[in-house]
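Trainee: Below is protein-v1.txt; it holds compact mmCIF, N, CA and C atoms.
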```txt
# COMPACT_ATOMS: atom_id res chain seq x y z
N MET A 287 -12.40 -3.06 -4.74
CA MET A 287 -12.22 -4.00 -3.66
C MET A 287 -12.73 -3.33 -2.38
N SER A 288 -13.49 -4.07 -1.61
CA SER A 288 -14.06 -3.52 -0.39
C SER A 288 -13.02 -3.48 0.73
N GLU A 289 -13.31 -2.70 1.76
CA GLU A 289 -12.41 -2.60 2.90
C GLU A 289 -12.28 -3.96 3.60
N GLU A 290 -13.35 -4.73 3.63
CA GLU A 290 -13.30 -6.06 4.25
C GLU A 290 -12.35 -6.98 3.48
N GLN A 291 -12.38 -6.90 2.16
CA GLN A 291 -11.48 -7.71 1.35
C GLN A 291 -10.03 -7.29 1.56
N LEU A 292 -9.79 -5.98 1.66
CA LEU A 292 -8.44 -5.49 1.95
C LEU A 292 -7.97 -6.00 3.30
N GLN A 293 -8.85 -5.95 4.29
CA GLN A 293 -8.50 -6.42 5.63
C GLN A 293 -8.13 -7.90 5.60
N GLU A 294 -8.88 -8.69 4.84
CA GLU A 294 -8.59 -10.12 4.74
C GLU A 294 -7.24 -10.34 4.07
N LEU A 295 -6.96 -9.62 3.00
CA LEU A 295 -5.66 -9.74 2.33
C LEU A 295 -4.52 -9.34 3.27
N LEU A 296 -4.71 -8.28 4.02
CA LEU A 296 -3.70 -7.85 4.98
C LEU A 296 -3.45 -8.92 6.03
N HIS A 297 -4.52 -9.50 6.52
CA HIS A 297 -4.39 -10.56 7.52
C HIS A 297 -3.61 -11.75 6.96
N ARG A 298 -3.96 -12.16 5.75
CA ARG A 298 -3.25 -13.28 5.13
C ARG A 298 -1.80 -12.92 4.83
N PHE A 299 -1.54 -11.68 4.38
CA PHE A 299 -0.18 -11.23 4.11
C PHE A 299 0.66 -11.28 5.37
N ARG A 300 0.11 -10.85 6.47
CA ARG A 300 0.84 -10.86 7.74
C ARG A 300 1.13 -12.27 8.24
N ARG A 301 0.30 -13.22 7.82
CA ARG A 301 0.55 -14.62 8.19
C ARG A 301 1.60 -15.25 7.29
N GLY A 302 2.04 -14.51 6.28
CA GLY A 302 3.10 -15.01 5.42
C GLY A 302 2.66 -15.54 4.07
N GLU A 303 1.43 -15.30 3.69
CA GLU A 303 0.94 -15.76 2.39
C GLU A 303 1.38 -14.77 1.30
N ALA A 304 2.33 -15.18 0.52
CA ALA A 304 2.89 -14.32 -0.53
C ALA A 304 1.84 -13.94 -1.58
N GLU A 305 0.96 -14.87 -1.90
CA GLU A 305 -0.06 -14.60 -2.92
C GLU A 305 -0.97 -13.45 -2.48
N ALA A 306 -1.32 -13.40 -1.21
CA ALA A 306 -2.17 -12.31 -0.71
C ALA A 306 -1.45 -10.98 -0.84
N GLY A 307 -0.17 -10.97 -0.56
CA GLY A 307 0.62 -9.75 -0.70
C GLY A 307 0.68 -9.28 -2.14
N GLU A 308 0.82 -10.21 -3.07
CA GLU A 308 0.85 -9.86 -4.49
C GLU A 308 -0.46 -9.24 -4.94
N VAL A 309 -1.56 -9.82 -4.50
CA VAL A 309 -2.88 -9.30 -4.86
C VAL A 309 -3.07 -7.91 -4.26
N LEU A 310 -2.69 -7.76 -3.01
CA LEU A 310 -2.81 -6.48 -2.33
C LEU A 310 -2.00 -5.40 -3.03
N PHE A 311 -0.76 -5.70 -3.35
CA PHE A 311 0.11 -4.71 -3.99
C PHE A 311 -0.36 -4.41 -5.41
N ARG A 312 -0.79 -5.41 -6.14
CA ARG A 312 -1.28 -5.18 -7.50
C ARG A 312 -2.51 -4.28 -7.47
N HIS A 313 -3.37 -4.47 -6.47
CA HIS A 313 -4.58 -3.67 -6.38
C HIS A 313 -4.27 -2.22 -6.00
N LEU A 314 -3.23 -2.00 -5.19
CA LEU A 314 -2.93 -0.65 -4.70
C LEU A 314 -1.84 0.07 -5.50
N GLU A 315 -1.28 -0.57 -6.52
CA GLU A 315 -0.29 0.09 -7.37
C GLU A 315 -0.80 1.38 -8.00
N PRO A 316 -2.06 1.46 -8.44
CA PRO A 316 -2.54 2.73 -8.99
C PRO A 316 -2.51 3.87 -7.96
N LEU A 317 -2.71 3.57 -6.70
CA LEU A 317 -2.61 4.59 -5.65
C LEU A 317 -1.19 5.12 -5.56
N VAL A 318 -0.22 4.22 -5.61
CA VAL A 318 1.19 4.63 -5.61
C VAL A 318 1.49 5.44 -6.86
N GLY A 319 1.00 4.98 -8.00
CA GLY A 319 1.22 5.68 -9.26
C GLY A 319 0.67 7.10 -9.26
N ALA A 320 -0.47 7.30 -8.62
CA ALA A 320 -1.07 8.64 -8.55
C ALA A 320 -0.15 9.59 -7.79
N TYR A 321 0.45 9.12 -6.72
CA TYR A 321 1.38 9.96 -5.97
C TYR A 321 2.68 10.19 -6.74
N VAL A 322 3.10 9.20 -7.48
CA VAL A 322 4.31 9.36 -8.29
C VAL A 322 4.10 10.46 -9.33
N ARG A 323 2.98 10.44 -10.00
CA ARG A 323 2.70 11.46 -11.02
C ARG A 323 2.64 12.86 -10.40
N ARG A 324 2.16 12.93 -9.19
CA ARG A 324 2.06 14.23 -8.53
C ARG A 324 3.41 14.73 -8.02
N MET A 325 4.27 13.82 -7.58
CA MET A 325 5.52 14.21 -6.92
C MET A 325 6.70 14.32 -7.88
N ALA A 326 6.78 13.46 -8.87
CA ALA A 326 7.95 13.43 -9.75
C ALA A 326 7.87 14.53 -10.79
N CYS A 327 8.90 15.34 -10.85
CA CYS A 327 8.94 16.44 -11.83
C CYS A 327 9.46 15.96 -13.19
N ARG A 328 10.43 15.06 -13.17
CA ARG A 328 11.04 14.56 -14.40
C ARG A 328 10.77 13.07 -14.54
N ALA A 329 10.76 12.61 -15.77
CA ALA A 329 10.49 11.21 -16.03
C ALA A 329 11.51 10.30 -15.36
N GLY A 330 12.75 10.72 -15.27
CA GLY A 330 13.79 9.91 -14.64
C GLY A 330 13.58 9.67 -13.16
N GLU A 331 12.81 10.53 -12.52
CA GLU A 331 12.54 10.40 -11.09
C GLU A 331 11.40 9.43 -10.80
N ARG A 332 10.59 9.17 -11.77
CA ARG A 332 9.37 8.40 -11.53
C ARG A 332 9.65 7.02 -10.96
N GLU A 333 10.62 6.33 -11.52
CA GLU A 333 10.92 4.98 -11.03
C GLU A 333 11.38 5.01 -9.58
N ASP A 334 12.20 5.99 -9.24
CA ASP A 334 12.66 6.12 -7.85
C ASP A 334 11.50 6.38 -6.90
N TYR A 335 10.62 7.31 -7.30
CA TYR A 335 9.46 7.61 -6.47
C TYR A 335 8.53 6.40 -6.36
N PHE A 336 8.39 5.67 -7.46
CA PHE A 336 7.52 4.49 -7.45
C PHE A 336 8.06 3.43 -6.49
N GLN A 337 9.36 3.18 -6.55
CA GLN A 337 9.97 2.20 -5.64
C GLN A 337 9.83 2.64 -4.19
N ALA A 338 10.04 3.93 -3.93
CA ALA A 338 9.89 4.45 -2.57
C ALA A 338 8.44 4.33 -2.11
N GLY A 339 7.51 4.57 -3.01
CA GLY A 339 6.09 4.43 -2.68
C GLY A 339 5.71 3.00 -2.35
N LEU A 340 6.27 2.06 -3.11
CA LEU A 340 6.01 0.64 -2.81
C LEU A 340 6.60 0.22 -1.47
N MET A 341 7.76 0.77 -1.15
CA MET A 341 8.35 0.49 0.16
C MET A 341 7.46 1.04 1.27
N GLY A 342 6.91 2.22 1.05
CA GLY A 342 5.98 2.79 2.01
C GLY A 342 4.73 1.94 2.15
N LEU A 343 4.24 1.42 1.03
CA LEU A 343 3.07 0.54 1.06
C LEU A 343 3.37 -0.73 1.85
N LEU A 344 4.56 -1.28 1.67
CA LEU A 344 4.96 -2.47 2.42
C LEU A 344 4.99 -2.17 3.92
N LYS A 345 5.58 -1.05 4.30
CA LYS A 345 5.64 -0.68 5.71
C LYS A 345 4.23 -0.46 6.28
N ALA A 346 3.36 0.14 5.48
CA ALA A 346 1.98 0.35 5.93
C ALA A 346 1.29 -0.99 6.17
N ALA A 347 1.51 -1.94 5.26
CA ALA A 347 0.89 -3.26 5.41
C ALA A 347 1.41 -3.98 6.65
N GLN A 348 2.66 -3.76 6.98
CA GLN A 348 3.25 -4.41 8.15
C GLN A 348 2.80 -3.75 9.46
N ARG A 349 2.52 -2.45 9.43
CA ARG A 349 2.23 -1.71 10.65
C ARG A 349 0.76 -1.40 10.89
N PHE A 350 -0.09 -1.67 9.93
CA PHE A 350 -1.50 -1.33 10.06
C PHE A 350 -2.14 -2.09 11.21
N ASP A 351 -2.92 -1.38 12.01
CA ASP A 351 -3.64 -1.98 13.13
C ASP A 351 -5.13 -1.95 12.80
N PRO A 352 -5.71 -3.11 12.48
CA PRO A 352 -7.11 -3.14 12.07
C PRO A 352 -8.09 -2.80 13.19
N VAL A 353 -7.63 -2.79 14.42
CA VAL A 353 -8.50 -2.47 15.55
C VAL A 353 -8.92 -1.00 15.51
N ARG A 354 -8.03 -0.16 15.03
CA ARG A 354 -8.37 1.27 14.91
C ARG A 354 -9.39 1.45 13.80
N SER A 355 -10.21 2.44 13.93
CA SER A 355 -11.27 2.64 12.94
C SER A 355 -10.80 3.58 11.82
N VAL A 356 -9.75 3.13 11.11
CA VAL A 356 -9.20 3.86 9.98
C VAL A 356 -9.11 2.89 8.80
N LYS A 357 -9.48 3.36 7.63
CA LYS A 357 -9.36 2.52 6.44
C LYS A 357 -7.88 2.31 6.14
N PHE A 358 -7.56 1.15 5.57
CA PHE A 358 -6.17 0.87 5.25
C PHE A 358 -5.62 1.87 4.24
N THR A 359 -6.39 2.20 3.22
CA THR A 359 -5.88 3.11 2.20
C THR A 359 -5.57 4.49 2.80
N THR A 360 -6.37 4.93 3.74
CA THR A 360 -6.11 6.20 4.41
C THR A 360 -4.80 6.13 5.17
N PHE A 361 -4.58 5.04 5.87
CA PHE A 361 -3.35 4.83 6.62
C PHE A 361 -2.16 4.72 5.67
N ALA A 362 -2.33 4.00 4.58
CA ALA A 362 -1.22 3.73 3.66
C ALA A 362 -0.74 4.98 2.93
N VAL A 363 -1.64 5.92 2.66
CA VAL A 363 -1.27 7.11 1.91
C VAL A 363 -0.13 7.86 2.59
N THR A 364 -0.16 7.97 3.90
CA THR A 364 0.91 8.69 4.59
C THR A 364 2.24 7.96 4.46
N TRP A 365 2.24 6.65 4.43
CA TRP A 365 3.47 5.88 4.26
C TRP A 365 3.95 5.95 2.82
N ILE A 366 3.04 5.98 1.88
CA ILE A 366 3.41 6.06 0.47
C ILE A 366 4.07 7.41 0.17
N GLU A 367 3.54 8.46 0.75
CA GLU A 367 4.12 9.79 0.55
C GLU A 367 5.50 9.86 1.12
```
Will you turn the file into structure tokens for me?

Mentor:
Amino acid sequence: MSEEQLQELLHRFRRGEAEAGEVLFRHLEPLVGAYVRRMACRAGEREDYFQAGLMGLLKAAQRFDPVRSVKFTTFAVTWIE
């Protein structure tokens, strides 16, 4: 997915379109999963880390400022961690 497509999904998500949020989160779940695999030491921790990562992704989507010249995924990584 291109950065322009992500920006459009973010814009629609912020306007309250639930479907755009679902598409955005489904597309970025592998990014959250990559951090979970890196951070979780035991299998039992993975679900907790995954949920925390998704919460970070949600906060990133709510706080991202498209005017700044930063890609959304770059911005989101810090919130996911």

Trainee: Quick check, in Å to one decimal: how far apart do atom CA of A:Asp334 and atom CA of A:Glu315 lie?

Mentor: 14.3 Å

Trainee: Using only the atoms of stretch 347-356 of chain A listed in the file, plus 5 Å on each side, state the axis-aligned box centre and edge lengths in Å rounded to one decimal, as lines of an AutoDock Vina configuration file.

Mentor:
```
center_x = -4.0
center_y = -0.3
center_z = 10.4
size_x = 24.5
size_y = 18.3
size_z = 20.3
```

Trainee: Expressed in Å to a single decimal, how great is the separation between atom CA of A:Phe336 and atom CA of A:Leu314?

Mentor: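 Atom-to-atom, atom CA of A:Phe336 to atom CA of A:Leu314, that is 12.0 Å.
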
Trainee: Find the residue from A:Arg300, A:Glu367, A:Gln293, A:Ala362 that sits nearest to A:Tyr335; use only C-alpha atoms when measuring.

Mentor: A:Glu367

Trainee: So the first atom is atom N of A:Pro352 and the second is atom N of A:Trp365; what is the distance between them in Å, to one decimal place?

Mentor: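 Those two atoms sit 14.9 Å apart.
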
Trainee: Give the answer as one residue: which of A:Val309, A:Lys345, A:Leu295, A:Tyr321 has the shortest atom-to-atom distance to A:Glu333, using only C-alpha atoms?

Mentor: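 Of A:Val309, A:Lys345, A:Leu295, A:Tyr321, the one nearest A:Glu333 is A:Tyr321, counting only C-alpha atoms.
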
Trainee: With only C-alpha atoms as the counted atoms, please give the residues lying no more than 12 Å from stretch 339-342 of chain A, apart from itself and same-chain residues fewer than 3 positions off, as an MDAnalysis selection string.

Mentor: chainID A and resid 307:308 310:323 325:326 332:336 345:350 359 361:367

Trainee: Can you spit out chain A with C-alpha atoms, as a PDB file, in the first residue's frame, from the structure just given?

Mentor:
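Full text of decode-v7.pdb as output:
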```pdb
ATOM      1  CA  MET A 287       0.000   0.000   0.000  1.00  0.00           C
ATOM      2  CA  SER A 288       1.385   3.386  -0.944  1.00  0.00           C
ATOM      3  CA  GLU A 289       1.836   6.286   1.456  1.00  0.00           C
ATOM      4  CA  GLU A 290      -0.915   8.176  -0.392  1.00  0.00           C
ATOM      5  CA  GLN A 291      -3.340   5.305   0.169  1.00  0.00           C
ATOM      6  CA  LEU A 292      -2.414   5.211   3.868  1.00  0.00           C
ATOM      7  CA  GLN A 293      -2.978   8.960   4.101  1.00  0.00           C
ATOM      8  CA  GLU A 294      -6.415   8.583   2.514  1.00  0.00           C
ATOM      9  CA  LEU A 295      -7.361   5.779   4.923  1.00  0.00           C
ATOM     10  CA  LEU A 296      -6.178   7.886   7.863  1.00  0.00           C
ATOM     11  CA  HIS A 297      -8.226  10.828   6.662  1.00  0.00           C
ATOM     12  CA  ARG A 298     -11.338   8.680   6.302  1.00  0.00           C
ATOM     13  CA  PHE A 299     -10.698   7.010   9.689  1.00  0.00           C
ATOM     14  CA  ARG A 300     -10.486  10.401  11.383  1.00  0.00           C
ATOM     15  CA  ARG A 301     -13.806  11.366   9.811  1.00  0.00           C
ATOM     16  CA  GLY A 302     -15.346   8.366  11.535  1.00  0.00           C
ATOM     17  CA  GLU A 303     -15.423   5.766   8.764  1.00  0.00           C
ATOM     18  CA  ALA A 304     -15.051   2.457  10.588  1.00  0.00           C
ATOM     19  CA  GLU A 305     -14.357   0.530   7.377  1.00  0.00           C
ATOM     20  CA  ALA A 306     -11.281   2.674   6.660  1.00  0.00           C
ATOM     21  CA  GLY A 307      -9.992   1.990  10.151  1.00  0.00           C
ATOM     22  CA  GLU A 308     -10.452  -1.753   9.682  1.00  0.00           C
ATOM     23  CA  VAL A 309      -8.536  -1.710   6.406  1.00  0.00           C
ATOM     24  CA  LEU A 310      -5.780   0.408   7.930  1.00  0.00           C
ATOM     25  CA  PHE A 311      -5.392  -1.842  10.970  1.00  0.00           C
ATOM     26  CA  ARG A 312      -5.546  -5.047   8.932  1.00  0.00           C
ATOM     27  CA  HIS A 313      -2.809  -3.711   6.656  1.00  0.00           C
ATOM     28  CA  LEU A 314      -0.537  -2.677   9.555  1.00  0.00           C
ATOM     29  CA  GLU A 315      -1.057  -5.741  11.791  1.00  0.00           C
ATOM     30  CA  PRO A 316       2.122  -7.378  10.421  1.00  0.00           C
ATOM     31  CA  LEU A 317       4.101  -4.336  11.600  1.00  0.00           C
ATOM     32  CA  VAL A 318       2.693  -4.790  15.104  1.00  0.00           C
ATOM     33  CA  GLY A 319       3.380  -8.522  14.900  1.00  0.00           C
ATOM     34  CA  ALA A 320       7.032  -7.911  14.009  1.00  0.00           C
ATOM     35  CA  TYR A 321       7.503  -5.870  17.165  1.00  0.00           C
ATOM     36  CA  VAL A 322       5.662  -8.457  19.238  1.00  0.00           C
ATOM     37  CA  ARG A 323       8.019 -11.199  18.067  1.00  0.00           C
ATOM     38  CA  ARG A 324      10.988  -9.030  18.922  1.00  0.00           C
ATOM     39  CA  MET A 325       9.764  -7.897  22.345  1.00  0.00           C
ATOM     40  CA  ALA A 326       7.917 -10.890  23.809  1.00  0.00           C
ATOM     41  CA  CYS A 327      10.156 -13.462  25.460  1.00  0.00           C
ATOM     42  CA  ARG A 328       7.442 -16.015  26.258  1.00  0.00           C
ATOM     43  CA  ALA A 329       4.441 -17.109  24.254  1.00  0.00           C
ATOM     44  CA  GLY A 330       2.086 -16.000  27.029  1.00  0.00           C
ATOM     45  CA  GLU A 331       3.273 -12.410  26.674  1.00  0.00           C
ATOM     46  CA  ARG A 332       2.610 -12.172  22.958  1.00  0.00           C
ATOM     47  CA  GLU A 333      -1.099 -11.432  23.210  1.00  0.00           C
ATOM     48  CA  ASP A 334      -0.485  -8.678  25.762  1.00  0.00           C
ATOM     49  CA  TYR A 335       2.213  -7.103  23.612  1.00  0.00           C
ATOM     50  CA  PHE A 336       0.008  -7.405  20.528  1.00  0.00           C
ATOM     51  CA  GLN A 337      -2.907  -5.650  22.237  1.00  0.00           C
ATOM     52  CA  ALA A 338      -0.583  -2.916  23.514  1.00  0.00           C
ATOM     53  CA  GLY A 339       0.847  -2.526  20.009  1.00  0.00           C
ATOM     54  CA  LEU A 340      -2.624  -2.151  18.524  1.00  0.00           C
ATOM     55  CA  MET A 341      -3.448   0.490  21.121  1.00  0.00           C
ATOM     56  CA  GLY A 342      -0.286   2.316  20.101  1.00  0.00           C
ATOM     57  CA  LEU A 343      -1.314   2.055  16.458  1.00  0.00           C
ATOM     58  CA  LEU A 344      -4.709   3.533  17.315  1.00  0.00           C
ATOM     59  CA  LYS A 345      -3.082   6.453  19.151  1.00  0.00           C
ATOM     60  CA  ALA A 346      -0.727   7.003  16.221  1.00  0.00           C
ATOM     61  CA  ALA A 347      -3.675   7.111  13.808  1.00  0.00           C
ATOM     62  CA  GLN A 348      -5.431   9.650  16.011  1.00  0.00           C
ATOM     63  CA  ARG A 349      -2.378  11.885  16.498  1.00  0.00           C
ATOM     64  CA  PHE A 350      -0.641  11.740  13.118  1.00  0.00           C
ATOM     65  CA  ASP A 351      -0.203  15.116  11.447  1.00  0.00           C
ATOM     66  CA  PRO A 352      -0.020  14.676   7.661  1.00  0.00           C
ATOM     67  CA  VAL A 353       1.376  18.196   7.225  1.00  0.00           C
ATOM     68  CA  ARG A 354       4.722  17.060   8.605  1.00  0.00           C
ATOM     69  CA  SER A 355       6.953  15.316   6.123  1.00  0.00           C
ATOM     70  CA  VAL A 356       7.074  11.975   7.962  1.00  0.00           C
ATOM     71  CA  LYS A 357       5.640   8.700   6.724  1.00  0.00           C
ATOM     72  CA  PHE A 358       2.820   7.324   8.836  1.00  0.00           C
ATOM     73  CA  THR A 359       4.554   3.999   9.405  1.00  0.00           C
ATOM     74  CA  THR A 360       7.653   5.798  10.697  1.00  0.00           C
ATOM     75  CA  PHE A 361       5.489   7.786  13.093  1.00  0.00           C
ATOM     76  CA  ALA A 362       3.447   4.744  14.137  1.00  0.00           C
ATOM     77  CA  VAL A 363       6.459   2.594  15.039  1.00  0.00           C
ATOM     78  CA  THR A 364       7.267   4.738  18.068  1.00  0.00           C
ATOM     79  CA  TRP A 365       3.681   4.445  19.322  1.00  0.00           C
ATOM     80  CA  ILE A 366       3.597   0.703  18.693  1.00  0.00           C
ATOM     81  CA  GLU A 367       6.771   0.204  20.722  1.00  0.00           C
TER      82      GLU A 367
END
```
